[in-house]
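Listing of target_11.txt; format and content: compact mmCIF, C-alpha atoms and all ligand atoms.
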# COMPACT_ATOMS: atom_id res chain seq x y z
CA MET A 1 37.86 112.37 134.22
CA LYS A 2 36.08 109.55 136.03
CA ILE A 3 35.62 105.94 134.94
CA ARG A 4 32.15 104.43 135.12
CA LYS A 5 31.28 103.29 138.64
CA THR A 6 30.70 99.73 137.48
CA LEU A 7 34.32 99.49 136.26
CA GLU A 8 35.83 100.39 139.63
CA SER A 9 35.83 96.73 140.68
CA VAL A 10 37.07 95.42 137.30
CA THR A 11 40.72 94.44 136.98
CA PRO A 12 42.26 93.56 133.61
CA TYR A 13 42.40 89.84 132.74
CA VAL A 14 45.57 88.03 133.84
CA ALA A 15 46.52 85.51 131.15
CA GLY A 16 48.63 82.38 131.68
CA LYS A 17 52.13 83.83 132.07
CA THR A 18 55.32 82.57 130.48
CA ARG A 19 58.73 83.83 129.48
CA ALA A 20 60.82 83.56 126.31
CA GLY A 21 62.26 80.07 125.86
CA ALA A 22 59.93 78.38 128.37
CA VAL A 23 57.53 75.62 127.30
CA LYS A 24 54.08 77.16 127.70
CA LEU A 25 51.55 74.79 129.21
CA SER A 26 49.54 77.39 131.06
CA SER A 27 46.66 78.34 128.73
CA ASN A 28 45.17 75.03 127.54
CA GLU A 29 46.33 75.59 123.98
CA ASN A 30 46.84 72.76 121.51
CA PRO A 31 50.42 71.39 121.81
CA LEU A 32 50.25 70.20 118.18
CA GLY A 33 49.89 73.75 116.85
CA PRO A 34 47.13 75.03 114.55
CA SER A 35 44.88 72.88 112.35
CA PRO A 36 46.78 72.42 109.03
CA ARG A 37 43.57 72.79 107.01
CA ALA A 38 42.92 76.11 108.75
CA LEU A 39 46.45 77.28 107.97
CA ASN A 40 45.99 76.49 104.27
CA ALA A 41 42.75 78.44 104.23
CA ILE A 42 44.49 81.42 105.83
CA THR A 43 47.26 81.37 103.23
CA ARG A 44 44.70 81.28 100.41
CA GLU A 45 42.71 84.13 101.91
CA MET A 46 45.62 86.54 102.49
CA ASN A 47 45.17 88.24 99.12
CA HIS A 48 41.67 89.31 100.07
CA LEU A 49 42.64 91.19 103.19
CA HIS A 50 41.81 94.53 101.59
CA ARG A 51 38.13 93.49 101.79
CA TYR A 52 35.89 93.73 104.84
CA PRO A 53 34.76 90.36 106.15
CA ASP A 54 31.18 89.13 105.86
CA GLY A 55 29.44 90.76 108.84
CA ARG A 56 27.24 87.70 109.39
CA ALA A 57 30.05 85.15 108.78
CA GLU A 58 27.70 83.16 106.57
CA LEU A 59 30.23 80.67 105.24
CA LEU A 60 31.36 79.81 108.76
CA ILE A 61 27.81 79.68 110.07
CA ASP A 62 26.78 77.35 107.24
CA ALA A 63 29.69 75.09 108.16
CA LEU A 64 28.62 75.13 111.83
CA ALA A 65 25.00 74.42 110.90
CA GLU A 66 26.11 71.39 108.89
CA HIS A 67 28.52 70.22 111.59
CA PHE A 68 25.88 70.32 114.32
CA ASP A 69 22.87 69.57 112.14
CA LEU A 70 20.98 72.64 113.34
CA LYS A 71 19.48 75.57 111.42
CA ARG A 72 21.89 78.39 110.55
CA GLU A 73 19.70 80.83 112.55
CA CYS A 74 20.88 78.97 115.67
CA PHE A 75 24.47 80.32 115.40
CA ILE A 76 26.39 83.50 116.03
CA ALA A 77 30.18 83.86 115.71
CA GLY A 78 32.44 86.06 117.81
CA ASN A 79 35.98 87.28 118.26
CA GLY A 80 36.66 84.39 120.64
CA SER A 81 34.03 83.07 123.00
CA ASP A 82 35.12 85.88 125.33
CA GLU A 83 33.39 88.30 122.98
CA ILE A 84 30.30 86.11 122.93
CA PHE A 85 30.01 86.28 126.75
CA ALA A 86 30.14 90.06 126.55
CA LEU A 87 27.57 90.10 123.71
CA ILE A 88 25.20 87.97 125.79
CA ALA A 89 25.63 90.20 128.85
CA GLY A 90 25.28 93.29 126.64
CA THR A 91 22.01 91.93 125.27
CA TYR A 92 20.31 90.76 128.45
CA LEU A 93 21.91 92.19 131.56
CA GLU A 94 20.36 95.39 132.87
CA GLU A 95 22.46 97.43 135.30
CA GLY A 96 21.88 96.18 138.85
CA GLN A 97 20.70 92.72 137.77
CA GLU A 98 22.49 89.59 138.94
CA VAL A 99 24.75 87.01 137.33
CA VAL A 100 25.24 83.65 139.02
CA THR A 101 28.29 81.44 138.51
CA ALA A 102 30.87 79.47 140.53
CA ASP A 103 33.74 80.79 142.63
CA SER A 104 36.53 78.74 140.99
CA THR A 105 35.77 79.07 137.31
CA PHE A 106 36.69 81.04 134.19
CA SER A 107 37.04 84.72 135.08
CA GLU A 108 35.44 86.13 131.92
CA TYR A 109 31.93 85.41 133.26
CA ASN A 110 32.64 87.73 136.17
CA PHE A 111 34.14 90.30 133.81
CA SER A 112 31.17 90.29 131.41
CA GLY A 113 28.77 90.67 134.33
CA LEU A 114 30.65 93.57 135.88
CA LEU A 115 31.21 95.28 132.52
CA PHE A 116 27.48 95.79 132.11
CA GLY A 117 26.87 96.85 135.70
CA GLY A 118 25.71 93.47 137.00
CA HIS A 119 26.25 92.04 140.45
CA VAL A 120 28.05 88.68 140.27
CA LYS A 121 27.17 85.98 142.80
CA LYS A 122 29.72 83.18 143.11
CA VAL A 123 28.57 79.82 144.42
CA PRO A 124 31.38 77.57 145.77
CA LEU A 125 32.20 74.47 143.74
CA LYS A 126 31.34 71.17 145.42
CA GLU A 127 34.19 68.67 145.15
CA GLY A 128 35.48 70.53 142.13
CA ARG A 129 32.11 70.55 140.35
CA PHE A 130 29.45 73.20 139.74
CA ASP A 131 26.84 72.88 142.50
CA THR A 132 23.53 72.99 140.62
CA GLU A 133 21.47 73.09 143.82
CA GLY A 134 23.56 76.00 145.14
CA LEU A 135 23.24 77.85 141.83
CA LEU A 136 19.45 77.46 141.82
CA ASN A 137 19.29 78.72 145.41
CA ALA A 138 21.28 81.80 144.35
CA VAL A 139 18.85 82.60 141.52
CA ASN A 140 16.16 85.14 142.40
CA ASP A 141 13.95 87.63 140.58
CA LYS A 142 16.96 89.90 139.95
CA THR A 143 18.93 87.17 138.15
CA SER A 144 19.46 87.61 134.43
CA LEU A 145 22.23 85.13 133.58
CA VAL A 146 23.82 81.95 134.92
CA PHE A 147 27.22 80.84 133.61
CA ILE A 148 28.33 77.20 133.81
CA ALA A 149 31.55 75.87 132.28
CA ASN A 150 31.10 72.26 131.19
CA PRO A 151 33.82 70.98 131.55
CA ASN A 152 34.86 73.50 134.16
CA ASN A 153 38.11 75.43 133.92
CA PRO A 154 40.23 74.89 136.04
CA THR A 155 38.94 71.63 137.57
CA GLY A 156 38.14 69.74 134.33
CA THR A 157 34.96 68.28 135.86
CA ILE A 158 31.59 68.01 134.13
CA LEU A 159 27.93 68.09 134.99
CA ARG A 160 26.15 65.00 133.75
CA CYS A 161 23.30 65.09 131.27
CA SER A 162 20.63 64.47 133.91
CA GLU A 163 22.05 67.31 136.05
CA ILE A 164 21.97 69.85 133.22
CA ARG A 165 18.50 68.76 132.17
CA SER A 166 17.06 68.95 135.65
CA PHE A 167 18.78 72.34 136.17
CA MET A 168 17.12 73.68 133.02
CA GLU A 169 13.75 72.31 134.07
CA ARG A 170 13.97 74.20 137.36
CA LEU A 171 15.56 77.43 136.09
CA PRO A 172 12.98 80.22 135.65
CA ARG A 173 12.26 80.82 131.97
CA GLU A 174 13.33 84.50 132.19
CA VAL A 175 16.86 83.49 133.27
CA ILE A 176 19.37 82.45 130.63
CA LEU A 177 21.90 79.68 131.18
CA VAL A 178 25.16 80.24 129.29
CA LEU A 179 26.68 76.78 129.02
CA ASP A 180 30.33 77.22 128.09
CA GLU A 181 31.66 74.13 126.29
CA ALA A 182 35.11 75.49 125.38
CA TYR A 183 36.50 72.00 126.12
CA GLY A 184 33.40 70.03 125.07
CA GLU A 185 35.20 68.21 122.25
CA PHE A 186 37.63 66.58 124.70
CA VAL A 187 34.97 64.95 126.90
CA THR A 188 34.87 61.14 126.92
CA HIS A 189 32.46 60.61 129.85
CA PRO A 190 29.40 58.63 128.68
CA ASP A 191 26.98 60.82 130.68
CA PHE A 192 27.98 64.10 129.02
CA CYS A 193 25.34 65.54 126.76
CA PRO A 194 26.43 68.26 124.40
CA GLY A 195 24.36 71.41 124.92
CA ARG A 196 23.58 71.20 121.22
CA ASP A 197 21.06 68.46 122.04
CA LEU A 198 19.15 70.75 124.41
CA VAL A 199 19.03 74.13 122.69
CA MET A 200 15.82 73.59 120.74
CA GLU A 201 14.08 72.22 123.83
CA PHE A 202 15.09 75.08 126.18
CA PRO A 203 14.73 78.56 124.62
CA ASN A 204 16.65 80.10 127.56
CA LEU A 205 19.81 78.04 126.95
CA ILE A 206 22.79 79.34 125.00
CA VAL A 207 25.83 77.13 124.40
CA THR A 208 29.26 78.57 123.58
CA ARG A 209 32.23 76.86 121.98
CA THR A 210 35.62 77.95 120.70
CA PHE A 211 38.24 77.32 118.02
CA SER A 212 41.00 78.15 120.55
CA LYS A 213 41.39 74.69 122.05
CA ILE A 214 40.88 71.55 119.96
CA TYR A 215 41.41 73.39 116.65
CA GLY A 216 44.58 75.13 117.85
CA LEU A 217 43.51 78.61 116.76
CA ALA A 218 43.67 80.63 120.00
CA GLY A 219 45.68 83.40 118.36
CA LEU A 220 43.14 83.87 115.58
CA ARG A 221 40.27 84.61 118.03
CA LEU A 222 37.18 82.70 117.00
CA GLY A 223 34.29 81.43 119.08
CA TYR A 224 30.58 80.89 118.56
CA ALA A 225 27.29 80.37 120.32
CA MET A 226 24.34 78.18 119.46
CA GLY A 227 20.85 78.47 120.79
CA HIS A 228 17.21 78.85 119.90
CA PRO A 229 16.95 81.19 116.87
CA THR A 230 14.96 83.78 118.85
CA LEU A 231 17.72 84.06 121.43
CA VAL A 232 20.55 84.07 118.90
CA GLN A 233 18.95 86.71 116.70
CA GLU A 234 18.50 88.92 119.78
CA ILE A 235 22.21 88.60 120.58
CA PHE A 236 23.02 89.76 117.03
CA ARG A 237 21.74 93.19 118.08
CA SER A 238 24.77 93.73 120.34
CA LYS A 239 27.31 92.67 117.74
CA GLN A 240 29.63 95.11 116.00
CA ALA A 241 29.40 95.09 112.22
CA PHE A 242 32.62 93.18 111.44
CA ASN A 243 33.46 91.40 114.69
CA VAL A 244 34.99 88.26 113.13
CA ASN A 245 37.92 88.82 110.79
CA LEU A 246 38.15 87.38 107.30
CA LEU A 247 40.93 84.87 108.05
CA ALA A 248 39.16 83.52 111.11
CA GLN A 249 35.93 82.92 109.18
CA LYS A 250 37.64 80.89 106.47
CA ALA A 251 39.98 79.07 108.83
CA GLY A 252 37.15 78.10 111.17
CA ALA A 253 35.05 76.60 108.38
CA GLU A 254 38.03 74.47 107.30
CA ALA A 255 39.13 73.49 110.82
CA LEU A 256 35.73 71.90 111.45
CA LYS A 257 36.52 69.44 108.65
CA ASP A 258 40.10 68.69 109.78
CA HIS A 259 39.21 65.23 111.08
CA GLU A 260 42.75 63.90 110.95
CA PHE A 261 44.05 66.76 113.12
CA ILE A 262 41.13 66.46 115.54
CA GLU A 263 41.80 62.72 115.94
CA ARG A 264 45.51 63.31 116.56
CA THR A 265 44.70 65.95 119.17
CA LEU A 266 42.20 63.70 120.95
CA THR A 267 44.61 60.76 120.97
CA LEU A 268 47.40 62.91 122.40
CA CYS A 269 45.06 64.18 125.09
CA ARG A 270 43.73 60.72 125.98
CA GLU A 271 47.18 59.12 126.14
CA GLY A 272 48.53 62.11 128.05
CA ARG A 273 45.75 61.85 130.64
CA GLU A 274 46.41 58.14 131.17
CA TYR A 275 50.15 58.68 131.58
CA LEU A 276 49.67 61.65 133.92
CA TYR A 277 47.08 59.91 136.13
CA LYS A 278 49.41 56.96 136.68
CA ALA A 279 52.40 59.19 137.35
CA LEU A 280 50.44 61.50 139.69
CA ASP A 281 49.10 58.50 141.63
CA LYS A 282 52.63 57.15 141.94
CA GLU A 283 53.98 60.51 143.12
CA GLY A 284 51.09 60.87 145.58
CA PHE A 285 49.44 64.04 144.24
CA PHE A 286 45.68 64.59 144.44
CA TYR A 287 44.01 65.74 141.20
CA TYR A 288 40.57 65.89 139.65
CA PRO A 289 40.11 63.34 136.86
CA SER A 290 39.70 65.64 133.88
CA GLU A 291 37.33 65.69 130.92
CA ALA A 292 39.38 68.46 129.31
CA ASN A 293 42.91 69.00 127.93
CA PHE A 294 44.33 70.01 131.31
CA ILE A 295 44.60 68.65 134.83
CA CYS A 296 44.04 70.45 138.12
CA ILE A 297 46.54 69.21 140.71
CA ARG A 298 46.90 69.92 144.43
CA VAL A 299 50.56 70.69 145.12
CA VAL A 300 50.06 71.61 148.80
CA LYS A 301 52.46 74.55 148.41
CA ASP A 302 51.89 78.18 147.49
CA SER A 303 50.88 77.98 143.81
CA LYS A 304 52.68 81.22 142.90
CA LYS A 305 55.96 79.86 144.29
CA VAL A 306 55.35 76.60 142.45
CA PHE A 307 54.83 78.60 139.26
CA ASP A 308 58.24 80.31 139.75
CA TYR A 309 59.84 76.94 140.52
CA PHE A 310 58.54 75.49 137.24
CA LEU A 311 59.45 78.59 135.26
CA ASN A 312 63.03 78.46 136.54
CA LYS A 313 63.15 74.95 135.14
CA GLY A 314 61.83 76.12 131.76
CA MET A 315 58.10 75.34 131.98
CA ALA A 316 55.12 77.66 132.44
CA ILE A 317 52.14 76.13 134.25
CA ARG A 318 49.09 77.94 135.70
CA PRO A 319 49.07 78.80 139.41
CA LEU A 320 45.47 78.71 140.63
CA ALA A 321 45.60 81.31 143.40
CA SER A 322 43.59 83.70 141.22
CA PHE A 323 40.85 81.02 141.05
CA GLY A 324 40.82 80.84 144.86
CA LEU A 325 42.76 77.55 144.84
CA ASN A 326 45.94 78.67 146.55
CA ASP A 327 47.79 75.39 146.65
CA TRP A 328 46.70 74.04 143.29
CA ILE A 329 48.12 74.28 139.78
CA ARG A 330 46.68 73.57 136.33
CA TYR A 331 48.76 71.77 133.75
CA THR A 332 47.81 71.74 130.06
CA ILE A 333 48.34 68.20 128.74
CA GLY A 334 51.29 68.45 126.37
CA THR A 335 53.28 66.12 124.15
CA GLU A 336 54.65 62.88 125.59
CA GLU A 337 58.02 64.52 126.19
CA GLN A 338 56.48 67.59 127.83
CA ASN A 339 54.36 65.40 130.11
CA ARG A 340 57.45 63.46 131.22
CA GLU A 341 59.30 66.70 131.90
CA PHE A 342 56.33 68.01 133.88
CA ILE A 343 56.25 64.92 136.09
CA SER A 344 60.00 65.08 136.61
CA ILE A 345 59.79 68.72 137.78
CA LEU A 346 56.74 67.96 139.93
CA SER A 347 58.53 65.06 141.56
CA SER A 348 61.51 67.25 142.40
CA LEU A 349 59.13 69.82 143.90
CA LYS A 350 58.30 67.49 146.80
CA SER A 351 61.73 67.91 148.36
CA ALA A 352 62.20 71.54 147.25
CA GLU A 353 62.45 74.22 149.98
CA ILE A 354 59.72 76.57 148.80
C1 LIG B 1 36.13 77.78 130.05
C2 LIG B 1 36.67 78.68 129.00
N1 LIG B 1 35.81 79.35 128.20
C3 LIG B 1 36.25 80.19 127.25
C4 LIG B 1 37.60 80.39 127.05
C5 LIG B 1 38.05 81.41 126.04
O1 LIG B 1 37.86 81.01 124.79
P1 LIG B 1 38.19 82.00 123.58
O2 LIG B 1 39.64 81.85 123.29
O3 LIG B 1 37.31 81.50 122.49
O4 LIG B 1 37.84 83.40 123.98
C6 LIG B 1 38.52 79.72 127.83
C7 LIG B 1 39.96 79.96 127.62
O5 LIG B 1 40.82 79.54 128.32
C8 LIG B 1 38.05 78.86 128.82
O6 LIG B 1 38.89 78.20 129.62

Could you write out this file's structure as structure tokens?
Amino acid sequence: MKIRKTLESVTPYVAGKTRAGAVKLSSNENPLGPSPRALNAITREMNHLHRYPDGRAELLIDALAEHFDLKRECFIAGNGSDEIFALIAGTYLEEGQEVVTADSTFSEYNFSGLLFGGHVKKVPLKEGRFDTEGLLNAVNDKTSLVFIANPNNPTGTILRCSEIRSFMERLPREVILVLDEAYGEFVTHPDFCPGRDLVMEFPNLIVTRTFSKIYGLAGLRLGYAMGHPTLVQEIFRSKQAFNVNLLAQKAGAEALKDHEFIERTLTLCREGREYLYKALDKEGFFYYPSEANFICIRVVKDSKKVFDYFLNKGMAIRPLASFGLNDWIRYTIGTEEQNREFISILSSLKSAEI
């Protein structure tokens, strides 16, 4: 038996690791738990689990259309945004074509490209940000897809509105930009423009978002894409019949309306950022100011050893060696108490013999 040639270079995804009893701040999950409105919807829906879900997730898509004030034809839901990336690649990427993205970014773009036999070109970040000029230089007549995370994981940086707009104006029409806004709801920068505002103007732009972060539903697996109806309806062709489960559909529609929970999450994130910036400045650590619910910090030590050091003290953080950032870590902003504990461990790291 022989696996497909294209899979020879694919290695299974390595998730943020932890161990029983440790505080897990390694996967950018919501420290407040799941949206309570979503939980209620799940409880109500349990008795219907003998039924197949709606294959087009109409109730959820209606809720998204209302939330974003776009037509329902502009949306497709998936089993996490991870599935959406694969659906997009499965729809547009011919074997041997190219995918362009950054070197230090979310690994699922690389995975989706390789899965469908694409060649993935990785353009180095510039000061922790996607380099739009470098990306455009990497695009050629073999390019099918470009992936940009805005904000980027793991650096938390964004591209400004003018940068995205000018990128789209210069990107050949046959190339699709997948703009991943998994952390879009956390952005406070005044020059961020949600991709939602651009999708009707640029028919080769597809924007993805997720319920895993701000809505606290990572374990449920729910993500979605929005784009020009022509593009979205093409992506539907790659979708399996019942890709989004019944509980996720109902929970997602409710979570969108959970304003109280969203506000609490944003406040926790904002206050956490302010506390952490001050503490990191005081301790003398370099970091990228973040527009997301995590911070990327240079620890100037082997990130895998730093991960073990934290885990021995009861906290799981993300070492960034697998992102090509060997002496950096990523910390998911936690509760006030967790943030204090993080800083205390980080401070002790400076004199640790590792
Ligand atoms: C940039 C980015 N996009 C997408 C995802 C995955 O989202 P989902 O849980 O919807 O698959 C993550 C998860 O960490 C992420 O960091």

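Taking only C-alpha atoms and all ligand atoms into account, ligand LIG 1 (chain B) lies nearest to A:Ala149 out of the set A:Ala149, A:Leu231, A:Leu114, A:Ala38.
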
Take every atom of ligand LIG 1 (chain B) listed in the file, fit an axis-aligned box around them, add 8 Å per side, and give the centre and edge lengths in Å to one decimal as lines of an AutoDock Vina configuration file.
center_x = 38.3
center_y = 80.6
center_z = 126.3
size_x = 21.0
size_y = 21.6
size_z = 23.6

**Q.** Selection as a PyMOL selection string: residues within 8 Å of ligand LIG 1 (chain B) by only C-alpha atoms and all ligand atoms
**A.** chain A and resi 27-28+79-83+105-106+108+149-154+180-183+209-213+218-219+221-224

Q) Which residue out of A:Arg318, A:His228, A:Arg56, A:Arg170 has the minimum interatomic distance to Ala15 in chain A when all atoms listed in the file are used? A) A:Arg318

Q) So how many Å separate CA of Met315 in chain A and CA of Glu341 in chain A, to one decimal? A) 8.7 Å

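Minimum distance to Glu8 in chain A across A:Val139, A:Leu115, A:Asp308, A:Arg37 (counting all atoms listed in the file) occurs at A:Leu115.
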
Q.
List as a ChimeraX atom specification the protein and nucleic acid residues near range 255-272 of chain A, meaning an atom at most 10 Å away when only C-alpha atoms are counted, but skip any in the same chain fewer than 3 places from it.
A. /A:30-41,60,63-64,66-67,185-188,211,213-217,250-252,275-277,291-294,332-340

Q) What is the distance, in Å and to one decimal place, between CA of Glu174 in chain A and CA of Met200 in chain A? A) 16.0 Å

**Q.** Contact residues around Thr101 in chain A with only C-alpha atoms at 7 Å, ignoring same-chain residues under 5 positions, as a count of residues only
**A.** 6

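Using all atoms listed in the file for every distance, the candidate list A:Glu283, A:Glu254, A:Glu94, A:Asp327 yields A:Asp327 as the residue closest to Lys304 in chain A.
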
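Counting all atoms listed in the file, the residue from A:Asp62, A:Phe342, A:Asn110, A:Phe236 that sits nearest to Ala316 in chain A is A:Phe342.
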
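Residues in contact with His119 in chain A at up to 8 Å, not including ones fewer than 6 positions away on its chain and judged by all atoms listed in the file, are Gly96, Gln97, Glu98, Val99 and Gly113 of chain A.
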
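The gap separating CA of Leu280 in chain A from CA of Asn312 in chain A is 21.4 Å, in Å to one decimal.
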
Q) Looking at all atoms listed in the file, which of A:Ser166, A:Asn47, A:Thr6, A:Thr157 is the one that sits closest to Phe116 in chain A? A) A:Thr6

Q: Please identify all polymer residues within 9 Å of Ala241 in chain A, counting only C-alpha atoms, omitting same-chain residues fewer than 2 positions from it, and present them as number ranges by chain.
A: A: 54-56, 239, 243-244

Q. Which residues come within 6 Å of Ser238 in chain A, counting only C-alpha atoms, excluding same-chain residues fewer than 2 positions away, as number ranges by chain?
A. A: 87, 91, 235-236

Q. Within 10 Å of (52.7, 78.8, 140.6), all atoms listed in the file: residues as an MDAnalysis selection string?
A. chainID A and resid 17 299 301:311 316:321 326:330
